[in-house]
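Shown below: query-v5.tsv, with TSV, C-alpha atoms.
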chain	number	residue	atom	x	y	z
A	480	MET	CA	204.56	135.66	-14.22
A	481	ILE	CA	202.77	132.30	-14.22
A	482	VAL	CA	198.99	132.52	-14.34
A	483	ASP	CA	196.68	129.79	-13.08
A	484	ALA	CA	194.93	128.61	-16.24
A	485	THR	CA	192.21	126.84	-14.23
A	486	MET	CA	190.70	130.02	-12.83
A	487	SER	CA	187.29	131.16	-14.01
A	488	ALA	CA	186.86	133.49	-16.97
A	489	GLU	CA	185.63	136.19	-14.59
A	490	LYS	CA	188.98	136.16	-12.77
A	491	SER	CA	191.24	135.23	-15.68
A	492	PRO	CA	193.92	137.63	-16.93
A	493	TYR	CA	193.29	137.05	-20.63
A	494	GLU	CA	192.00	140.55	-21.34
A	495	SER	CA	195.27	142.07	-20.11
A	496	HIS	CA	197.53	139.14	-21.03
A	497	VAL	CA	199.98	141.14	-23.15
A	498	ASN	CA	200.15	143.97	-20.60
A	499	SER	CA	201.18	141.49	-17.90
A	500	LEU	CA	204.24	140.24	-19.80
A	501	ALA	CA	207.70	141.19	-18.54
A	502	TYR	CA	209.63	144.04	-20.18
A	503	ALA	CA	213.24	143.50	-21.24
A	504	ARG	CA	214.35	146.93	-20.03
A	505	GLY	CA	211.60	147.85	-17.61
A	506	LYS	CA	208.29	149.43	-18.50
A	507	PRO	CA	208.79	152.58	-20.59
A	508	ALA	CA	208.28	155.89	-18.81
A	509	SER	CA	207.47	157.75	-22.04
A	510	SER	CA	203.92	157.79	-23.40
A	511	ALA	CA	202.35	158.32	-26.81
A	512	ARG	CA	199.08	158.02	-28.66
A	513	MET	CA	198.92	155.52	-31.53
A	514	ARG	CA	196.54	155.08	-34.47
A	515	GLN	CA	194.75	158.42	-34.25
A	516	CYS	CA	193.92	157.67	-37.87
A	517	PRO	CA	194.61	154.69	-40.17
A	518	GLU	CA	197.38	156.63	-41.92
A	519	ASP	CA	199.38	156.61	-38.66
A	520	PHE	CA	199.98	152.87	-39.07
A	521	ARG	CA	201.24	151.88	-42.52
A	522	VAL	CA	202.23	148.32	-43.40
A	523	THR	CA	203.67	147.12	-46.71
A	524	GLU	CA	204.14	143.42	-47.32
A	525	ILE	CA	207.62	142.27	-48.37
A	526	PRO	CA	206.85	139.53	-50.94
A	527	LEU	CA	208.74	136.27	-51.12
A	528	LEU	CA	208.15	136.13	-54.88
A	529	GLU	CA	206.45	138.00	-57.73
A	530	PRO	CA	203.77	136.66	-60.13
A	531	ASP	CA	205.21	135.19	-63.34
A	532	GLY	CA	202.56	136.52	-65.74
A	533	GLU	CA	200.87	133.24	-66.69
A	534	GLY	CA	198.50	130.74	-65.09
A	535	GLU	CA	195.00	130.39	-63.69
A	536	HIS	CA	195.60	132.47	-60.56
A	537	VAL	CA	195.33	136.25	-60.62
A	538	TRP	CA	197.48	138.02	-58.05
A	539	LEU	CA	196.27	141.45	-56.97
A	540	TRP	CA	198.37	144.02	-55.13
A	541	ILE	CA	195.80	145.84	-53.00
A	542	ARG	CA	195.93	148.85	-50.73
A	543	LYS	CA	193.31	148.72	-48.00
A	544	ARG	CA	192.39	151.35	-45.43
A	545	ASN	CA	190.56	150.51	-42.22
A	546	GLU	CA	189.61	147.11	-43.65
A	547	ASN	CA	189.99	143.59	-42.30
A	548	THR	CA	192.09	141.28	-44.51
A	549	GLN	CA	189.51	138.48	-44.42
A	550	HIS	CA	186.75	140.91	-45.39
A	551	VAL	CA	188.72	142.03	-48.45
A	552	ALA	CA	189.12	138.35	-49.41
A	553	GLU	CA	185.34	137.96	-49.16
A	554	LEU	CA	184.82	141.02	-51.38
A	555	LEU	CA	187.17	139.53	-53.98
A	556	SER	CA	185.28	136.23	-53.85
A	557	THR	CA	181.96	137.97	-54.46
A	558	HIS	CA	183.32	140.25	-57.19
A	559	ALA	CA	184.95	137.38	-59.07
A	560	GLY	CA	182.04	134.99	-58.51
A	561	VAL	CA	184.22	132.25	-57.03
A	562	HIS	CA	184.17	130.15	-53.86
A	563	PRO	CA	185.96	131.76	-50.89
A	564	ARG	CA	188.48	128.89	-50.94
A	565	GLN	CA	189.67	130.18	-54.34
A	566	VAL	CA	190.83	133.44	-52.73
A	567	SER	CA	193.98	133.59	-50.63
A	568	TYR	CA	196.57	135.91	-49.13
A	569	ALA	CA	199.99	135.49	-47.57
A	570	GLY	CA	199.26	137.07	-44.20
A	571	MET	CA	196.75	138.97	-42.11
A	572	LYS	CA	197.29	142.70	-41.85
A	573	ASP	CA	196.11	145.21	-39.26
A	574	ARG	CA	192.62	146.59	-39.82
A	575	ARG	CA	193.01	150.09	-38.39
A	576	ALA	CA	195.86	150.89	-40.76
A	577	VAL	CA	196.77	151.55	-44.37
A	578	THR	CA	198.29	148.36	-45.74
A	579	GLU	CA	199.46	146.97	-49.06
A	580	GLN	CA	199.62	143.25	-49.79
A	581	TRP	CA	199.09	140.50	-52.35
A	582	PHE	CA	195.85	138.52	-52.72
A	583	SER	CA	195.26	135.73	-55.23
A	584	VAL	CA	192.05	134.63	-56.98
A	585	GLN	CA	191.79	131.35	-58.89
A	586	LEU	CA	190.09	131.83	-62.26
A	587	PRO	CA	190.65	128.64	-64.30
A	588	GLY	CA	189.72	129.20	-67.94
A	589	ARG	CA	187.89	132.43	-67.12
A	590	GLU	CA	188.29	136.04	-68.09
A	591	GLU	CA	189.12	138.48	-65.34
A	592	PRO	CA	186.41	140.82	-64.05
A	593	ASP	CA	186.95	144.56	-64.00
A	594	TRP	CA	189.10	144.78	-60.88
A	595	GLN	CA	189.09	148.58	-60.92
A	596	ALA	CA	185.35	148.47	-60.30
A	597	MET	CA	186.18	147.42	-56.75
A	598	ASN	CA	188.04	150.64	-56.00
A	599	CYS	CA	186.49	152.73	-53.25
A	600	GLU	CA	187.49	154.83	-50.26
A	601	THR	CA	188.76	151.79	-48.33
A	602	LEU	CA	190.18	149.58	-51.12
A	603	THR	CA	192.32	150.16	-54.21
A	604	VAL	CA	193.56	147.53	-56.66
A	605	LEU	CA	197.00	148.89	-57.53
A	606	ARG	CA	198.01	146.15	-59.99
A	607	HIS	CA	197.17	142.60	-61.00
A	608	GLN	CA	199.00	139.85	-62.82
A	609	ARG	CA	198.55	136.16	-63.58
A	610	HIS	CA	200.55	133.48	-61.82
A	611	SER	CA	200.86	129.71	-62.07
A	612	ARG	CA	200.24	129.07	-58.38
A	613	LYS	CA	197.93	130.08	-55.58
A	614	LEU	CA	199.31	132.48	-53.00
A	615	ARG	CA	199.85	130.39	-49.87
A	616	ARG	CA	199.69	131.56	-46.27
A	617	GLY	CA	203.12	132.50	-45.04
A	618	THR	CA	204.50	133.19	-48.52
A	619	LEU	CA	206.15	136.47	-47.56
A	620	LYS	CA	209.51	137.64	-46.25
A	621	GLY	CA	207.99	140.05	-43.78
A	622	ASN	CA	206.50	143.52	-43.53
A	623	SER	CA	207.74	147.11	-43.64
A	624	PHE	CA	206.23	149.54	-41.14
A	625	ARG	CA	205.88	153.30	-40.98
A	626	ILE	CA	204.26	154.25	-37.68
A	627	THR	CA	203.47	157.76	-36.48
A	628	LEU	CA	203.20	158.28	-32.73
A	629	ARG	CA	201.58	161.45	-31.45
A	630	GLU	CA	201.29	163.39	-28.19
A	631	ILE	CA	204.66	162.14	-26.96
A	632	GLY	CA	205.16	162.53	-23.23
A	633	GLY	CA	208.34	162.02	-21.23
A	634	ASP	CA	212.05	162.57	-21.70
A	635	GLN	CA	213.12	162.58	-25.34
A	636	ALA	CA	216.66	161.40	-24.62
A	637	ALA	CA	215.41	158.40	-22.60
A	638	LEU	CA	213.01	157.46	-25.39
A	639	GLU	CA	215.82	157.60	-27.95
A	640	GLN	CA	217.93	155.36	-25.73
A	641	ARG	CA	215.17	152.77	-25.85
A	642	LEU	CA	214.95	153.12	-29.62
A	643	ALA	CA	218.69	152.54	-29.92
A	644	ALA	CA	218.50	149.48	-27.64
A	645	ALA	CA	215.71	147.96	-29.74
A	646	ARG	CA	217.70	148.64	-32.90
A	647	ASP	CA	220.98	147.27	-31.58
A	648	ARG	CA	219.88	144.42	-29.31
A	649	GLY	CA	216.37	143.48	-30.40
A	650	VAL	CA	213.22	142.99	-28.32
A	651	PRO	CA	211.33	140.00	-26.87
A	652	ASN	CA	209.53	138.24	-29.71
A	653	TYR	CA	206.10	138.18	-28.04
A	654	PHE	CA	202.95	137.35	-29.94
A	655	GLY	CA	200.98	140.61	-30.07
A	656	GLU	CA	197.49	141.23	-28.78
A	657	GLN	CA	196.04	140.82	-32.29
A	658	ARG	CA	196.74	137.10	-31.95
A	659	PHE	CA	194.37	136.77	-29.02
A	660	GLY	CA	191.29	138.59	-30.27
A	661	ARG	CA	189.63	141.63	-28.79
A	662	GLY	CA	189.73	141.46	-25.02
A	663	GLY	CA	191.50	138.09	-25.21
A	664	SER	CA	188.37	136.48	-26.68
A	665	ASN	CA	190.33	133.72	-28.46
A	666	LEU	CA	191.82	132.67	-25.11
A	667	TYR	CA	188.43	132.57	-23.44
A	668	THR	CA	187.29	130.30	-26.29
A	669	ALA	CA	190.40	128.11	-25.86
A	670	GLU	CA	189.62	127.66	-22.18
A	671	LYS	CA	186.08	126.56	-23.06
A	672	LEU	CA	187.32	124.23	-25.82
A	673	PHE	CA	189.81	122.47	-23.56
A	674	LYS	CA	187.08	121.94	-20.96
A	675	ASN	CA	184.62	120.69	-23.58
A	676	THR	CA	186.28	119.06	-26.62
A	677	ARG	CA	182.84	118.75	-28.27
A	678	LEU	CA	182.45	122.52	-28.41
A	679	ARG	CA	181.37	123.35	-31.95
A	680	LEU	CA	183.52	125.88	-33.75
A	681	SER	CA	183.94	126.75	-37.40
A	682	ARG	CA	187.14	125.51	-39.00
A	683	ASN	CA	188.55	129.04	-39.09
A	684	LYS	CA	187.57	129.83	-35.49
A	685	ARG	CA	189.02	126.54	-34.27
A	686	GLY	CA	192.32	127.29	-36.00
A	687	LEU	CA	192.47	130.79	-34.51
A	688	THR	CA	191.67	129.41	-31.07
A	689	LEU	CA	194.37	126.74	-31.11
A	690	SER	CA	196.97	129.17	-32.48
A	691	ALA	CA	196.09	131.67	-29.77
A	692	ALA	CA	196.41	129.00	-27.07
A	693	ARG	CA	199.92	127.94	-27.94
A	694	SER	CA	200.94	131.55	-28.58
A	695	PHE	CA	199.78	132.27	-25.02
A	696	LEU	CA	201.96	129.44	-23.68
A	697	PHE	CA	204.94	130.68	-25.70
A	698	ASN	CA	204.48	134.18	-24.27
A	699	GLN	CA	204.43	132.77	-20.74
A	700	VAL	CA	207.75	130.99	-21.27
A	701	LEU	CA	209.31	134.06	-22.90
A	702	SER	CA	208.05	136.33	-20.12
A	703	ALA	CA	209.62	134.03	-17.52
A	704	ARG	CA	212.96	134.22	-19.34
A	705	VAL	CA	212.72	138.00	-19.69
A	706	TYR	CA	212.04	138.23	-15.96
A	707	ALA	CA	215.06	135.98	-15.30
A	708	GLY	CA	217.24	138.03	-17.65
A	709	ASN	CA	218.12	135.18	-20.03
A	710	TRP	CA	215.78	135.76	-22.98
A	711	ASP	CA	218.62	136.97	-25.22
A	712	VAL	CA	221.34	134.58	-24.01
A	713	PRO	CA	221.26	130.78	-24.22
A	714	LEU	CA	220.66	128.34	-21.40
A	715	ALA	CA	222.29	124.93	-21.30
A	716	GLY	CA	220.28	122.63	-23.55
A	717	ASP	CA	218.66	125.50	-25.46
A	718	ALA	CA	217.39	125.07	-29.01
A	719	MET	CA	219.16	127.77	-31.03
A	720	GLN	CA	217.50	129.06	-34.20
A	721	LEU	CA	219.44	130.48	-37.11
A	722	GLN	CA	218.49	134.04	-38.07
A	723	GLY	CA	216.05	134.01	-40.99
A	724	SER	CA	215.52	130.25	-40.74
A	725	HIS	CA	213.21	127.79	-38.98
A	726	SER	CA	216.02	125.30	-38.42
A	727	TYR	CA	217.69	124.98	-35.03
A	728	PHE	CA	220.42	123.11	-33.18
A	729	ILE	CA	220.85	122.22	-29.51
A	730	ALA	CA	223.33	124.20	-27.44
A	731	GLU	CA	225.25	121.33	-25.87
A	732	SER	CA	227.82	123.77	-24.47
A	733	LEU	CA	227.85	127.54	-24.05
A	734	ASP	CA	231.24	128.15	-25.64
A	735	ALA	CA	232.75	131.43	-26.82
A	736	ASP	CA	231.84	130.82	-30.46
A	737	LEU	CA	228.15	130.34	-29.63
A	738	MET	CA	228.06	133.41	-27.40
A	739	SER	CA	229.67	135.47	-30.16
A	740	ARG	CA	227.04	134.33	-32.65
A	741	VAL	CA	224.29	135.17	-30.16
A	742	ALA	CA	225.74	138.65	-29.56
A	743	SER	CA	225.77	139.32	-33.32
A	744	GLN	CA	222.14	138.09	-33.61
A	745	ASP	CA	223.18	135.31	-35.96
A	746	VAL	CA	221.37	132.79	-33.73
A	747	HIS	CA	218.63	133.12	-31.11
A	748	SER	CA	217.37	131.07	-28.21
A	749	THR	CA	213.89	129.64	-28.83
A	750	GLY	CA	210.72	128.90	-26.93
A	751	PRO	CA	208.09	126.19	-27.41
A	752	LEU	CA	205.15	126.25	-29.78
A	753	TYR	CA	203.48	123.46	-27.88
A	754	GLY	CA	202.10	120.29	-29.44
A	755	ARG	CA	202.64	116.56	-29.74
A	756	GLY	CA	206.11	115.08	-29.49
A	757	GLU	CA	209.04	115.26	-27.13
A	758	SER	CA	210.62	118.62	-26.44
A	759	PRO	CA	214.06	118.92	-28.10
A	760	VAL	CA	215.55	120.97	-25.26
A	761	SER	CA	217.33	119.65	-22.17
A	762	ASN	CA	219.11	120.65	-18.95
A	763	ASP	CA	218.41	124.18	-17.64
A	764	CYS	CA	216.21	125.11	-20.59
A	765	LEU	CA	213.96	122.06	-20.17
A	766	GLU	CA	213.68	122.69	-16.44
A	767	LEU	CA	212.51	126.28	-16.97
A	768	GLU	CA	210.00	125.39	-19.68
A	769	SER	CA	208.62	122.46	-17.70
A	770	THR	CA	208.11	124.70	-14.67
A	771	VAL	CA	206.23	127.36	-16.62
A	772	LEU	CA	204.11	124.95	-18.70
A	773	GLY	CA	203.36	122.80	-15.68
A	774	ALA	CA	200.63	125.28	-14.72
A	775	TYR	CA	198.71	124.57	-17.94
A	776	THR	CA	198.07	120.83	-18.00
A	777	SER	CA	194.64	121.05	-19.63
A	778	TRP	CA	195.94	123.44	-22.29
A	779	ARG	CA	198.86	121.16	-23.17
A	780	GLU	CA	196.60	118.12	-23.33
A	781	GLY	CA	194.10	120.02	-25.47
A	782	LEU	CA	196.75	121.07	-27.98
A	783	GLU	CA	198.08	117.52	-28.18
A	784	GLN	CA	194.59	116.08	-28.70
A	785	ALA	CA	193.99	118.66	-31.45
A	786	GLY	CA	196.97	117.20	-33.32
A	787	LEU	CA	199.36	120.17	-33.16
A	788	VAL	CA	203.03	119.19	-33.38
A	789	GLN	CA	205.92	120.61	-31.34
A	790	ASP	CA	207.76	123.52	-32.96
A	791	ARG	CA	210.07	126.34	-31.88
A	792	ARG	CA	210.05	130.15	-32.22
A	793	ALA	CA	212.87	132.61	-31.61
A	794	LEU	CA	212.68	134.40	-28.26
A	795	ARG	CA	214.44	137.48	-29.62
A	796	LEU	CA	213.18	139.68	-32.44
A	797	GLY	CA	215.71	141.67	-34.44
A	798	VAL	CA	214.35	145.01	-35.67
A	799	SER	CA	215.80	145.65	-39.13
A	800	ASP	CA	216.55	149.16	-40.37
A	801	LEU	CA	214.93	150.86	-37.40
A	802	ALA	CA	215.03	154.62	-37.86
A	803	TRP	CA	213.12	157.51	-36.32
A	804	GLN	CA	212.43	161.14	-37.01
A	805	TRP	CA	210.80	163.77	-34.85
A	806	ALA	CA	207.93	165.41	-36.69
A	807	ASP	CA	206.02	168.65	-36.26
A	808	ALA	CA	203.60	169.04	-33.34
A	809	GLY	CA	205.57	166.62	-31.18
A	810	GLY	CA	205.08	163.54	-33.33
A	811	LEU	CA	207.55	160.71	-33.84
A	812	VAL	CA	207.78	158.67	-37.06
A	813	LEU	CA	209.28	155.17	-36.86
A	814	THR	CA	210.26	152.99	-39.82
A	815	PHE	CA	211.46	149.39	-39.61
A	816	ASP	CA	211.14	145.92	-41.14
A	817	LEU	CA	210.09	142.73	-39.39
A	818	PRO	CA	210.13	139.09	-40.52
A	819	ALA	CA	206.91	137.17	-41.14
A	820	GLY	CA	205.12	136.26	-37.93
A	821	ALA	CA	206.51	139.16	-35.90
A	822	TYR	CA	204.44	141.96	-34.37
A	823	ALA	CA	205.14	145.69	-34.55
A	824	THR	CA	203.26	146.12	-31.27
A	825	SER	CA	205.88	143.92	-29.57
A	826	VAL	CA	208.53	146.41	-30.71
A	827	LEU	CA	206.53	149.44	-29.62
A	828	ARG	CA	205.78	148.14	-26.09
A	829	GLU	CA	209.53	148.12	-25.34
A	830	ILE	CA	209.94	151.71	-26.52
A	831	VAL	CA	206.95	153.72	-25.34
A	832	ASN	CA	203.74	153.24	-23.39
A	833	CYS	CA	201.15	153.59	-26.14
A	834	THR	CA	197.50	154.51	-25.81
A	835	VAL	CA	195.54	153.28	-28.79
A	836	THR	CA	192.83	155.51	-30.20
A	837	ARG	CA	189.66	153.42	-30.47
A	838	GLU	CA	186.93	154.03	-32.99
Would you mind writing the structure in this file as structure tokens?
Amino acid sequence: MIVDATMSAEKSPYESHVNSLAYARGKPASSARMRQCPEDFRVTEIPLLEPDGEGEHVWLWIRKRNENTQHVAELLSTHAGVHPRQVSYAGMKDRRAVTEQWFSVQLPGREEPDWQAMNCETLTVLRHQRHSRKLRRGTLKGNSFRITLREIGGDQAALEQRLAAARDRGVPNYFGEQRFGRGGSNLYTAEKLFKNTRLRLSRNKRGLTLSAARSFLFNQVLSARVYAGNWDVPLAGDAMQLQGSHSYFIAESLDADLMSRVASQDVHSTGPLYGRGESPVSNDCLELESTVLGAYTSWREGLEQAGLVQDRRALRLGVSDLAWQWADAGGLVLTFDLPAGAYATSVLREIVNCTVTRE
């Protein structure tokens, strides 16, 4: 579905943006309740590397419960007596959850504080070790999830068929609602920014706003391809991304070898992360993307003026090691791994219609 990006905030669909996106296999008939407590949503970071034991950066493996990642970084900054820029993490994690991840704190020529003094009901420092480099954003392989769904409604066999389809054929690689802020607030801000380029935003808020805007455009393109039934097969002129890589090549012809690689999830069609530069795609793929993005002239111009550069993202998300187990009292426990930048909520929306327990 293409949405008119020029409509007023009062009539805009941003609050329900993710709900309006097309489903690969139709909207699930089964229902469930999610996040009745933080322990129902467990996330463990899969590190790209481990600290080497020496250097001016202290890496801390932290378990947090019902805590925002950025807030934990601020607590570390205060506890260590350093500037917030000296604290980093590889990726944001869900707040209403129990998560484990690395943080790093730069302490050049300084003794470490008592990290265990930070331990409380919502935060536990599990281990810490020196490293020669700062932990950079994106320095992770992915995340492991253990999600408990409760109050399952609907046919169990039909739900398991959807689970098997997600495991075997993947799901649309939508950006999840977390990307857009509560009630789509980051998209409302993007609309204001593109109408008034002098709008004053903090550096962090500006970055979140621009990322949300091009994630929104990506979702629109992906939704159009899901609706057309070609999100998991290439179009002529498609940019094909190698599994586990950011590199891609152009599908000049849709031969048997390419289709075999697509079927095995070795390569995936991609969609645009909009920015400056000429789109690498051509033919049918370029025509589709141009049609969808044509409704968002001010958004495209705003992203270009902000200096973002064209990039690509896989349209299909493979769900590694997806397994499930029925628990007592009608619960369902799911475990799976996802690469960095992927959203567990995008997996769940293809399986079951979830109601989220709000605080």
| Closest to A:Tyr775 among A:Glu529, A:Glu731, A:Glu829, A:Glu670, using all atoms listed in the file? |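 For A:Tyr775, the nearest of the given residues is A:Glu670.
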| field | stretch 799-812 of chain A surroundings by only C-alpha atoms, 7 Å radius, close-in-sequence under 5 positions cut, as a list in words | value |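 Within the cut-off, the hits are Arg625, Ile626, Thr627, Leu628, Arg629, Glu630, Ile631, Arg646 and Leu817 of chain A.
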| task | Would you list the residues near (210.6, 158.6, -20.7) (no more than 10 Å away, in the coordinates of the file, using only C-alpha atoms) as a ChimeraX atom specification? | result | /A:506-510,631-641,830-832
| query | Which residues come within 6 Å of stretch 722-728 of chain A, counting only C-alpha atoms, excluding same-chain residues fewer than 2 positions away, as a PyMOL selection string? | reply | chain A and resi 718-720+745-746
Take the residues that were just selected and, keeping C-alpha atoms, output them as a PDB file, in the coordinates of the input.
ATOM      1  CA  ALA A 718     217.390 125.070 -29.010  1.00  0.00           C
ATOM      2  CA  MET A 719     219.160 127.770 -31.030  1.00  0.00           C
ATOM      3  CA  GLN A 720     217.500 129.060 -34.200  1.00  0.00           C
ATOM      4  CA  ASP A 745     223.180 135.310 -35.960  1.00  0.00           C
ATOM      5  CA  VAL A 746     221.370 132.790 -33.730  1.00  0.00           C
TER       6      VAL A 746
END
| query | For A:Gly773, which residue among A:Leu689, A:Val584, A:Val700, A:Val537 is the nearest when counting all atoms listed in the file? | reply |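 The closest residue to A:Gly773 is A:Val700.
For the pair atom CA of A:Gly716 and atom CA of A:Ala735, the separation is 15.6 Å.
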